[in-house]
file data_30.txt (compact mmCIF, C-alpha atoms)
# COMPACT_ATOMS: atom_id res chain seq x y z
CA MET A 190 123.11 145.92 311.33
CA GLY A 191 124.32 146.63 314.84
CA GLU A 192 122.47 146.77 318.12
CA ARG A 193 119.87 149.51 318.40
CA ILE A 194 120.55 150.35 322.03
CA LEU A 195 123.75 152.02 323.07
CA LYS A 196 125.40 150.70 326.23
CA ARG A 197 125.83 153.11 329.11
CA GLN A 198 129.61 153.15 328.56
CA LEU A 199 128.96 154.36 325.03
CA TYR A 200 126.32 157.05 325.46
CA PHE A 201 127.80 158.61 328.63
CA PRO A 202 130.86 159.91 326.71
CA ILE A 203 128.52 161.41 324.07
CA ILE A 204 126.57 163.17 326.84
CA GLY A 205 129.93 164.35 328.26
CA ILE A 206 130.81 165.96 324.93
CA ILE A 207 127.38 167.62 324.72
CA ASP A 208 127.76 168.95 328.31
CA ALA A 209 131.21 170.37 327.63
CA GLU A 210 130.12 172.03 324.42
CA LEU A 211 127.02 173.51 326.05
CA LEU A 212 129.30 175.12 328.64
CA MET A 213 131.24 176.63 325.75
CA PHE A 214 127.95 177.83 324.31
CA TYR A 215 127.56 179.87 327.51
CA SER A 216 131.20 181.12 327.19
CA GLN A 217 132.43 178.84 330.04
CA THR A 218 135.30 177.65 327.84
CA ILE A 219 137.74 176.53 330.54
CA LEU A 220 135.01 174.68 332.44
CA GLY A 221 134.01 173.04 329.16
CA LEU A 222 137.60 172.03 328.53
CA GLY A 223 137.72 170.55 332.05
CA ILE A 224 134.63 168.42 331.30
CA HIS A 225 136.22 167.33 328.01
CA ILE A 226 139.39 166.24 329.87
CA ILE A 227 137.43 164.30 332.53
CA ASN A 228 135.36 162.71 329.77
CA PHE A 229 138.54 161.82 327.86
CA LEU A 230 140.03 160.17 330.97
CA ALA A 231 136.77 158.23 331.52
CA ILE A 232 136.93 156.98 327.91
CA ILE A 233 140.56 155.89 328.40
CA PHE A 234 139.63 153.93 331.55
CA ILE A 235 136.63 152.33 329.78
CA LEU A 236 138.88 151.36 326.87
CA ILE A 237 141.54 149.88 329.15
CA PHE A 238 139.40 148.18 331.81
CA GLY A 239 135.92 147.92 330.25
CA LYS A 240 134.55 144.73 328.74
CA LEU A 241 133.43 145.96 325.37
CA LYS A 242 133.21 144.37 321.94
CA GLU A 243 135.88 145.41 319.46
CA LYS A 244 133.47 147.52 317.38
CA GLU A 245 132.34 149.35 320.53
CA LYS A 246 135.95 150.03 321.53
CA ASN A 247 136.65 151.32 318.04
CA PHE A 248 133.71 153.71 318.32
CA LEU A 249 134.89 155.13 321.66
CA TYR A 250 138.45 155.34 320.34
CA SER A 251 137.16 157.34 317.35
CA LEU A 252 135.02 159.58 319.54
CA THR A 253 138.18 160.91 321.21
CA LEU A 254 139.06 162.64 317.91
CA VAL A 255 136.23 165.08 318.58
CA ILE A 256 137.57 165.88 322.06
CA LEU A 257 141.14 166.11 320.77
CA LEU A 258 140.03 168.62 318.13
CA ARG A 259 138.56 170.89 320.78
CA MET A 260 141.59 170.48 323.09
CA VAL A 261 144.03 171.32 320.29
CA ASN A 262 141.77 174.23 319.30
CA ILE A 263 141.78 175.79 322.78
CA SER A 264 145.39 175.13 323.73
CA THR A 265 147.32 175.88 320.52
CA PRO A 266 149.01 179.28 320.86
CA GLN A 267 147.81 181.97 318.49
CA PHE A 268 150.79 182.42 316.20
CA PHE A 269 148.71 184.44 313.76
CA THR A 270 146.16 187.19 314.31
CA ASN A 271 144.31 186.01 311.19
CA THR A 272 142.26 182.87 311.97
CA LEU A 273 142.66 181.68 308.39
CA GLN A 274 146.42 181.30 308.95
CA GLN A 275 145.86 179.66 312.35
CA TYR A 276 143.60 176.91 310.92
CA PRO A 277 146.38 174.91 309.14
CA LEU A 278 148.26 174.66 312.43
CA ILE A 279 145.29 173.27 314.37
CA TYR A 280 143.92 171.00 311.65
CA GLY A 281 147.45 170.00 310.61
CA ILE A 282 148.02 168.61 314.11
CA MET A 283 144.69 166.75 313.87
CA PHE A 284 145.86 164.82 310.81
CA VAL A 285 148.25 162.92 313.12
CA PRO A 286 145.55 161.20 315.27
CA ILE A 287 143.31 160.80 312.18
CA TYR A 288 146.10 158.88 310.43
CA LEU A 289 146.93 156.84 313.55
CA ILE A 290 143.28 155.85 314.11
CA ILE A 291 142.84 154.82 310.46
CA LYS A 292 146.04 152.78 310.70
CA GLY A 293 145.25 151.34 314.14
CA GLN A 294 141.71 150.28 313.27
CA GLN A 295 142.76 149.22 309.76
CA ILE A 296 139.90 151.13 308.17
CA SER A 297 139.78 150.36 304.47
CA SER A 298 139.81 153.08 301.82
CA ASP A 299 136.36 151.89 300.66
CA GLU A 300 135.00 152.45 304.16
CA LEU A 301 136.68 155.85 304.35
CA GLY A 302 135.09 156.76 301.04
CA ILE A 303 138.36 157.43 299.29
CA ASN A 304 137.42 156.96 295.66
CA PHE A 305 137.31 159.29 292.70
CA LYS A 306 134.41 157.78 290.76
CA LYS A 307 131.85 159.98 288.99
CA LEU A 308 133.58 163.19 290.06
CA TYR A 309 132.41 164.84 286.83
CA ILE A 310 128.88 164.61 288.30
CA TYR A 311 129.74 165.08 291.96
CA ILE A 312 131.90 168.22 291.70
CA PRO A 313 129.24 170.45 290.02
CA LEU A 314 126.63 168.99 292.38
CA ALA A 315 128.90 169.71 295.37
CA ILE A 316 129.32 173.34 294.28
CA LEU A 317 125.55 173.72 294.00
CA ILE A 318 124.82 172.13 297.42
CA GLY A 319 127.71 174.04 299.01
CA PHE A 320 126.40 177.32 297.61
CA ILE A 321 122.90 176.70 299.00
CA ALA A 322 124.37 175.73 302.40
CA ALA A 323 126.56 178.85 302.47
CA ILE A 324 123.64 181.19 301.73
CA SER A 325 121.51 179.53 304.42
CA GLU A 326 124.30 179.73 307.00
CA TYR A 327 125.19 183.30 306.07
CA LYS A 328 121.73 184.39 307.24
CA ILE A 329 122.43 182.79 310.63
CA LEU A 330 126.08 183.73 311.23
CA ASN A 331 126.47 186.93 309.20
CA PRO A 332 130.27 186.43 309.44
CA ILE A 333 133.00 188.92 308.64
CA ALA A 334 135.31 188.02 305.73
CA MET A 335 138.37 185.93 306.55
CA ILE A 336 140.31 187.56 303.71
CA GLY A 337 141.08 191.24 303.18
CA ASP A 338 139.83 191.46 299.61
CA LEU A 339 139.02 189.30 296.60
CA ARG A 340 142.55 189.21 295.16
CA PHE A 341 143.60 185.94 293.50
CA SER A 342 146.19 185.16 296.21
CA ASN A 343 143.57 185.58 298.97
CA ILE A 344 141.03 183.44 297.13
CA ALA A 345 143.68 180.75 296.55
CA LEU A 346 144.63 180.82 300.26
CA ILE A 347 141.04 180.46 301.52
CA ILE A 348 140.36 177.65 299.02
CA LEU A 349 143.51 175.84 300.14
CA VAL A 350 142.75 176.19 303.86
CA MET A 351 139.04 175.40 303.62
CA PHE A 352 139.38 172.38 301.32
CA VAL A 353 142.71 170.81 302.32
CA PHE A 354 142.61 171.43 306.06
CA ILE A 355 139.15 172.17 307.45
CA ALA A 356 136.81 170.21 305.15
CA THR A 357 139.18 167.24 304.83
CA ALA A 358 139.90 166.94 308.57
CA GLU A 359 136.29 167.44 309.68
CA GLU A 360 134.85 165.06 307.09
CA PHE A 361 137.44 162.40 307.93
CA ILE A 362 136.58 162.74 311.62
CA PHE A 363 132.79 162.94 311.47
CA ARG A 364 131.88 160.94 308.36
CA SER A 365 134.68 158.55 307.39
CA ILE A 366 135.66 157.55 310.92
CA LEU A 367 133.00 158.39 313.52
CA GLN A 368 129.91 157.72 311.42
CA THR A 369 131.20 154.45 310.00
CA ARG A 370 132.15 153.24 313.55
CA LEU A 371 128.70 154.25 314.87
CA GLU A 372 126.93 152.50 312.00
CA LYS A 373 128.60 149.25 313.05
CA VAL A 374 127.45 149.65 316.65
CA ILE A 375 123.89 151.01 316.34
CA GLY A 376 122.93 150.69 312.71
CA LEU A 377 122.91 152.91 309.64
CA ASN A 378 120.14 155.38 310.52
CA TYR A 379 121.13 155.99 314.13
CA GLY A 380 124.76 156.23 313.05
CA VAL A 381 123.96 159.14 310.75
CA LEU A 382 121.70 160.76 313.35
CA ILE A 383 124.14 160.64 316.27
CA SER A 384 127.20 161.67 314.25
CA GLY A 385 125.10 164.57 312.89
CA ILE A 386 124.12 165.62 316.42
CA ILE A 387 127.75 165.49 317.59
CA PHE A 388 128.79 167.52 314.52
CA GLY A 389 126.09 170.06 315.32
CA ILE A 390 126.87 170.41 319.02
CA MET A 391 130.56 170.94 318.21
CA HIS A 392 129.49 174.26 316.69
CA ALA A 393 128.27 175.46 320.10
CA SER A 394 131.24 177.77 320.66
CA TYR A 395 129.71 180.24 318.19
CA GLY A 396 127.14 180.93 320.92
CA ILE A 397 124.25 180.89 318.43
CA ILE A 398 121.52 178.28 318.90
CA ASN A 399 120.42 178.51 315.25
CA GLU A 400 123.98 177.64 314.18
CA ILE A 401 123.86 174.45 316.26
CA ILE A 402 120.51 173.50 314.71
CA PHE A 403 121.77 174.33 311.20
CA ALA A 404 125.03 172.40 311.68
CA THR A 405 123.11 169.40 313.05
CA ILE A 406 120.80 169.33 310.03
CA PHE A 407 123.78 169.86 307.70
CA GLY A 408 125.67 167.05 309.50
CA ILE A 409 122.74 164.65 309.12
CA ILE A 410 122.32 165.52 305.42
CA MET A 411 126.06 165.12 304.80
CA GLY A 412 126.03 161.83 306.72
CA TYR A 413 123.11 160.57 304.65
CA ILE A 414 124.82 161.59 301.38
CA PHE A 415 128.05 159.91 302.53
CA GLN A 416 126.18 156.75 303.47
CA LYS A 417 124.57 156.56 300.03
CA VAL A 418 127.55 157.42 297.82
CA ARG A 419 130.56 156.58 300.08
CA ASN A 420 132.53 159.24 298.29
CA LEU A 421 134.72 161.39 300.55
CA PRO A 422 135.92 163.84 297.84
CA PHE A 423 132.26 164.64 297.12
CA ILE A 424 131.38 165.63 300.70
CA ILE A 425 134.73 167.41 301.16
CA SER A 426 133.84 169.46 298.07
CA ILE A 427 130.41 170.36 299.50
CA HIS A 428 131.92 171.36 302.86
CA GLY A 429 134.83 173.24 301.29
CA THR A 430 132.63 175.12 298.82
CA ALA A 431 130.21 176.13 301.58
CA ASN A 432 133.07 177.50 303.71
CA VAL A 433 134.80 179.37 300.89
CA ILE A 434 131.58 181.08 299.85
CA LEU A 435 130.48 181.73 303.43
CA PHE A 436 133.74 183.24 304.72
CA GLY A 437 135.38 184.42 301.51
CA VAL A 438 132.74 185.60 299.07
CA LEU A 439 129.38 186.45 300.64
CA PRO A 440 130.74 188.99 303.18
CA PHE A 441 131.85 191.13 300.19
CA TYR A 442 128.46 190.98 298.51
CA LYS A 443 125.95 191.89 301.18
CA LEU A 444 123.06 191.18 298.85
CA ILE A 445 121.29 188.69 301.07
CA MET B 208 130.88 175.94 308.75
CA THR B 209 133.97 175.32 310.77
CA ILE B 210 134.02 173.85 314.26
CA ILE B 211 136.68 176.38 315.15
CA SER B 212 135.05 179.77 314.84
CA ASN B 213 136.76 182.97 313.77
CA GLY B 214 138.87 184.42 316.63
CA GLN B 215 136.80 183.02 319.44
CA PHE B 216 139.20 182.53 322.37
CA SER B 217 141.00 185.21 324.38
CA LEU B 218 144.72 184.98 325.21
CA GLU B 219 143.83 184.14 328.83
CA VAL B 220 141.64 181.21 327.75
CA VAL B 221 144.33 179.89 325.39
CA THR B 222 146.98 180.16 328.16
CA THR B 223 144.83 178.34 330.72
CA GLY B 224 143.76 175.85 328.05
CA GLY B 225 147.42 175.15 327.27
CA GLU B 226 148.17 174.57 330.95
CA LEU B 227 145.23 172.17 331.37
CA THR B 228 146.14 170.30 328.20
CA ASN B 229 149.73 169.87 329.36
CA ILE B 230 148.54 168.57 332.74
CA PHE B 231 146.36 166.12 330.82
CA LEU B 232 149.39 165.10 328.72
CA ILE B 233 151.38 164.36 331.90
CA ILE B 234 148.46 162.28 333.27
CA LEU B 235 148.25 160.44 329.95
CA LEU B 236 151.96 159.61 329.95
CA SER B 237 151.71 158.49 333.60
CA ILE B 238 148.78 156.20 332.73
CA SER B 239 150.89 154.72 329.92
CA LEU B 240 153.73 154.00 332.35
CA LEU B 241 151.44 152.51 334.99
CA VAL B 242 149.38 150.33 332.67
CA ALA B 243 152.46 149.11 330.77
CA ASP B 244 153.33 146.76 333.64
CA THR B 245 149.86 145.25 334.03
CA LYS B 246 147.92 142.45 332.33
CA TYR B 247 145.76 145.07 330.57
CA TRP B 248 148.65 146.21 328.36
CA ASN B 249 148.47 145.06 324.76
CA GLY B 250 149.12 146.37 321.27
CA TYR B 251 145.70 148.00 321.05
CA ILE B 252 146.13 149.99 324.30
CA SER B 253 149.70 150.94 323.37
CA HIS B 254 148.60 152.24 319.97
CA MET B 255 145.57 154.01 321.44
CA LEU B 256 147.58 155.90 324.06
CA SER B 257 150.20 156.96 321.54
CA THR B 258 147.39 158.23 319.28
CA PHE B 259 146.22 160.43 322.15
CA TYR B 260 149.51 161.85 323.32
CA LYS B 261 151.24 162.49 319.97
CA PRO B 262 149.01 165.44 318.95
CA LEU B 263 149.23 166.82 322.49
CA LEU B 264 153.02 166.60 322.34
CA LEU B 265 152.85 168.67 319.14
CA VAL B 266 150.72 171.24 320.98
CA PHE B 267 153.33 171.27 323.76
CA VAL B 268 156.10 171.88 321.19
CA ALA B 269 154.00 174.69 319.65
CA ILE B 270 153.62 176.30 323.10
CA VAL B 271 157.39 176.09 323.73
CA ILE B 272 158.17 177.62 320.30
CA PHE B 273 155.61 180.35 320.94
CA LYS B 274 157.18 181.21 324.33
CA ILE B 275 160.67 181.30 322.76
CA ILE B 276 159.40 183.64 320.03
CA LEU B 277 157.89 185.88 322.71
CA ILE B 278 161.24 186.04 324.55
CA ILE B 279 163.23 186.74 321.36
CA LEU B 280 160.84 189.44 320.17

call {"tool": "encode", "arguments": {"input": "data_30.txt", "output": "structure tokens"}}
result
Amino acid sequence: MGERILKRQLYFPIIGIIDAELLMFYSQTILGLGIHIINFLAIIFILIFGKLKEKEKNFLYSLTLVILLRMVNISTPQFFTNTLQQYPLIYGIMFVPIYLIIKGQQISSDELGINFKKLYIYIPLAILIGFIAAISEYKILNPIAMIGDLRFSNIALIILVMFVFIATAEEFIFRSILQTRLEKVIGLNYGVLISGIIFGIMHASYGIINEIIFATIFGIIMGYIFQKVRNLPFIISIHGTANVILFGVLPFYKLI
Amino acid sequence: MTIISNGQFSLEVVTTGGELTNIFLIILLSISLLVADTKYWNGYISHMLSTFYKPLLLVFVAIVIFKIILIIL
């Protein structure tokens, strides 16, 4: 169990991320990016000159993944008009720092949750949870479909992008890396709570308050599940299923 | 749910965002050069800084390729 109180050097960067994302909530994207950059520089100076314990440094180091994701998101040129084709480019770039942080902090595969035990139970369960999450979120977002129609090639593309790129990258960042670092600094419960809040606030750019609340609750639930089962493929399957149904299936069946 | 929403940023925002990110990349590389000669430099800092600038270098390459494509087309 870690300390229950976060040091100022640790919670200020979290507040910085929340500030920047709230600016994006109000469509002040460039200002938000500016805050993210200042926050990033502050974290670098804390990491270089601050007197922190190793686990605290590792947490701050991991927190930069969240800022990097937003920076890469805003600054990567739009090669494709279809967002679904743009995602692999952005999330593909993010696999580089994810790999480097895992290697640099020597995070074990057990800690990352890379195991394939009991998948015969977890996969059907993941589809069920993902389906419920997608229906709930559909009522909030009411998104347009990311694919033109329900042809096999389109379904295969959205499954590939949502599972391999989006769900894998986001779950590595928020659960396998950030949550496990936080748990070491402030304990299991607060680790889940704060990583869930950061996950939720990162959905601010949709400009819908209910989406932030939903994503926060979803993040906390996913964090709790991850903490109990330590199985990354399971939570990737939940996240991937939810996204495929939300952006690829439900918009064609406006039954809800 | 995806952190990156469907078609959220305008071309102007992406252009300005790219400029700011490249300025940040230059600052990051300058910090690496400055800190490399001090007592604070160690394997951890070296690895950390390279973790930060490698993805941003990829973004820079993507911007260059994008501009070249724009000129060719």

call {"tool": "interface_residues", "arguments": {"input": "data_30.txt", "of": "chain A", "to": "chain B", "cutoff": "7 Å", "atoms": "all atoms listed in the file", "output": "ChimeraX atom specification"}}
result
/A:219,237,260-266,272,282-283,285-286,289,293,355,391-392,395,432

call {"tool": "write_last_selection", "arguments": {"input": "data_30.txt", "atoms": "C-alpha atoms", "output": "PDB file, keeping the file's coordinate frame"}}
result
ATOM      1  CA  ILE A 219     137.740 176.530 330.540  1.00  0.00           C
ATOM      2  CA  ILE A 237     141.540 149.880 329.150  1.00  0.00           C
ATOM      3  CA  MET A 260     141.590 170.480 323.090  1.00  0.00           C
ATOM      4  CA  VAL A 261     144.030 171.320 320.290  1.00  0.00           C
ATOM      5  CA  ASN A 262     141.770 174.230 319.300  1.00  0.00           C
ATOM      6  CA  ILE A 263     141.780 175.790 322.780  1.00  0.00           C
ATOM      7  CA  SER A 264     145.390 175.130 323.730  1.00  0.00           C
ATOM      8  CA  THR A 265     147.320 175.880 320.520  1.00  0.00           C
ATOM      9  CA  PRO A 266     149.010 179.280 320.860  1.00  0.00           C
ATOM     10  CA  THR A 272     142.260 182.870 311.970  1.00  0.00           C
ATOM     11  CA  ILE A 282     148.020 168.610 314.110  1.00  0.00           C
ATOM     12  CA  MET A 283     144.690 166.750 313.870  1.00  0.00           C
ATOM     13  CA  VAL A 285     148.250 162.920 313.120  1.00  0.00           C
ATOM     14  CA  PRO A 286     145.550 161.200 315.270  1.00  0.00           C
ATOM     15  CA  LEU A 289     146.930 156.840 313.550  1.00  0.00           C
ATOM     16  CA  GLY A 293     145.250 151.340 314.140  1.00  0.00           C
ATOM     17  CA  ILE A 355     139.150 172.170 307.450  1.00  0.00           C
ATOM     18  CA  MET A 391     130.560 170.940 318.210  1.00  0.00           C
ATOM     19  CA  HIS A 392     129.490 174.260 316.690  1.00  0.00           C
ATOM     20  CA  TYR A 395     129.710 180.240 318.190  1.00  0.00           C
ATOM     21  CA  ASN A 432     133.070 177.500 303.710  1.00  0.00           C
TER      22      ASN A 432
END

call {"tool": "atom_distance", "arguments": {"input": "data_30.txt", "atom1": "CA of Ile336 (chain A)", "atom2": "CA of Phe352 (chain A)"}}
result
15.4 Å

call {"tool": "residues_around", "arguments": {"input": "data_30.txt", "residues": "Ile233 (chain A)", "least_positions_apart": "2", "cutoff": "9 Å", "atoms": "all atoms listed in the file", "output": "PyMOL selection string"}}
result
(chain A and resi 228-231+235-238+249-250) or (chain B and resi 255-256)

call {"tool": "atom_distance", "arguments": {"input": "data_30.txt", "atom1": "CA of Asp338 (chain A)", "atom2": "CA of Ile401 (chain A)"}}
result
28.7 Å

call {"tool": "residues_near_point", "arguments": {"input": "data_30.txt", "point": "(146.0, 173.6, 308.2)", "cutoff": "10 Å", "atoms": "all atoms listed in the file", "output": "tab-separated table (two decimals) with C-alpha atoms, in the frame of the given file"}}
result
chain	number	residue	atom	x	y	z
A	273	LEU	CA	142.66	181.68	308.39
A	274	GLN	CA	146.42	181.30	308.95
A	275	GLN	CA	145.86	179.66	312.35
A	276	TYR	CA	143.60	176.91	310.92
A	277	PRO	CA	146.38	174.91	309.14
A	278	LEU	CA	148.26	174.66	312.43
A	279	ILE	CA	145.29	173.27	314.37
A	280	TYR	CA	143.92	171.00	311.65
A	281	GLY	CA	147.45	170.00	310.61
A	282	ILE	CA	148.02	168.61	314.11
A	283	MET	CA	144.69	166.75	313.87
A	284	PHE	CA	145.86	164.82	310.81
A	349	LEU	CA	143.51	175.84	300.14
A	350	VAL	CA	142.75	176.19	303.86
A	351	MET	CA	139.04	175.40	303.62
A	352	PHE	CA	139.38	172.38	301.32
A	353	VAL	CA	142.71	170.81	302.32
A	354	PHE	CA	142.61	171.43	306.06
A	355	ILE	CA	139.15	172.17	307.45
A	357	THR	CA	139.18	167.24	304.83
A	358	ALA	CA	139.90	166.94	308.57

call {"tool": "residues_around", "arguments": {"input": "data_30.txt", "residues": "Asn304 (chain A)", "least_positions_apart": "2", "cutoff": "8 Å", "atoms": "all atoms listed in the file", "output": "list of chain:residue names"}}
result
A:Ser298, A:Asp299, A:Gly302, A:Lys306, A:Asn420, A:Leu421, A:Pro422

call {"tool": "atom_distance", "arguments": {"input": "data_30.txt", "atom1": "CA of Ile204 (chain A)", "atom2": "CA of Leu377 (chain A)"}}
result
20.4 Å

call {"tool": "residues_near_point", "arguments": {"input": "data_30.txt", "point": "(129.6, 155.6, 326.1)", "cutoff": "10 Å", "atoms": "only C-alpha atoms", "output": "tab-separated table (two decimals) with C-alpha atoms, keeping the file's coordinate frame"}}
result
chain	number	residue	atom	x	y	z
A	195	LEU	CA	123.75	152.02	323.07
A	196	LYS	CA	125.40	150.70	326.23
A	197	ARG	CA	125.83	153.11	329.11
A	198	GLN	CA	129.61	153.15	328.56
A	199	LEU	CA	128.96	154.36	325.03
A	200	TYR	CA	126.32	157.05	325.46
A	201	PHE	CA	127.80	158.61	328.63
A	202	PRO	CA	130.86	159.91	326.71
A	203	ILE	CA	128.52	161.41	324.07
A	204	ILE	CA	126.57	163.17	326.84
A	205	GLY	CA	129.93	164.35	328.26
A	228	ASN	CA	135.36	162.71	329.77
A	231	ALA	CA	136.77	158.23	331.52
A	232	ILE	CA	136.93	156.98	327.91
A	235	ILE	CA	136.63	152.33	329.78
A	245	GLU	CA	132.34	149.35	320.53
A	246	LYS	CA	135.95	150.03	321.53
A	248	PHE	CA	133.71	153.71	318.32
A	249	LEU	CA	134.89	155.13	321.66
A	252	LEU	CA	135.02	159.58	319.54

call {"tool": "axis_aligned_box", "arguments": {"input": "data_30.txt", "around": "region 398-407 of chain A", "padding_each_side": "4 Å", "output": "lines of an AutoDock Vina configuration file"}}
result
center_x = 122.7
center_y = 173.9
center_z = 313.3
size_x = 12.6
size_y = 17.2
size_z = 19.2

call {"tool": "closest_residue", "arguments": {"input": "data_30.txt", "among": "A:Tyr309, A:Tyr215, A:Ile207, A:Ser251", "to": "Ser394 (chain A)", "atoms": "all atoms listed in the file"}}
result
A:Tyr215

call {"tool": "residues_around", "arguments": {"input": "data_30.txt", "residues": "Met411 (chain A)", "least_positions_apart": "5", "cutoff": "9 Å", "atoms": "all atoms listed in the file", "output": "number ranges by chain"}}
result
A: 364, 381, 385, 406, 416, 424, 427-428

call {"tool": "write_last_selection", "arguments": {"input": "data_30.txt", "atoms": "C-alpha atoms", "output": "short mmCIF file (atom, residue, chain, number, x, y, z; two decimals), keeping the file's coordinate frame"}}
result
data_model
loop_
_atom_site.label_atom_id
_atom_site.label_comp_id
_atom_site.auth_asym_id
_atom_site.auth_seq_id
_atom_site.Cartn_x
_atom_site.Cartn_y
_atom_site.Cartn_z
CA ARG A 364 131.88 160.94 308.36
CA VAL A 381 123.96 159.14 310.75
CA GLY A 385 125.10 164.57 312.89
CA ILE A 406 120.80 169.33 310.03
CA GLN A 416 126.18 156.75 303.47
CA ILE A 424 131.38 165.63 300.70
CA ILE A 427 130.41 170.36 299.50
CA HIS A 428 131.92 171.36 302.86
#

call {"tool": "closest_residue", "arguments": {"input": "data_30.txt", "among": "A:Ala404, A:Ile383, A:Leu257, A:Leu241", "to": "His225 (chain A)", "atoms": "all atoms listed in the file"}}
result
A:Leu257

call {"tool": "residues_around", "arguments": {"input": "data_30.txt", "residues": "Pro313 (chain A)", "least_positions_apart": "6", "cutoff": "10 Å", "atoms": "all atoms listed in the file", "output": "list in words"}}
result
Gly319, Phe423, Ser426 and Ile427 of chain A

call {"tool": "write_last_selection", "arguments": {"input": "data_30.txt", "atoms": "C-alpha atoms", "output": "PDB file, in the coordinates of the input"}}
result
ATOM      1  CA  GLY A 319     127.710 174.040 299.010  1.00  0.00           C
ATOM      2  CA  PHE A 423     132.260 164.640 297.120  1.00  0.00           C
ATOM      3  CA  SER A 426     133.840 169.460 298.070  1.00  0.00           C
ATOM      4  CA  ILE A 427     130.410 170.360 299.500  1.00  0.00           C
TER       5      ILE A 427
END

call {"tool": "closest_residue", "arguments": {"input": "data_30.txt", "among": "A:Ala431, A:Ile316, A:Gln217, A:Pro440", "to": "Ala334 (chain A)", "atoms": "all atoms listed in the file"}}
result
A:Pro440
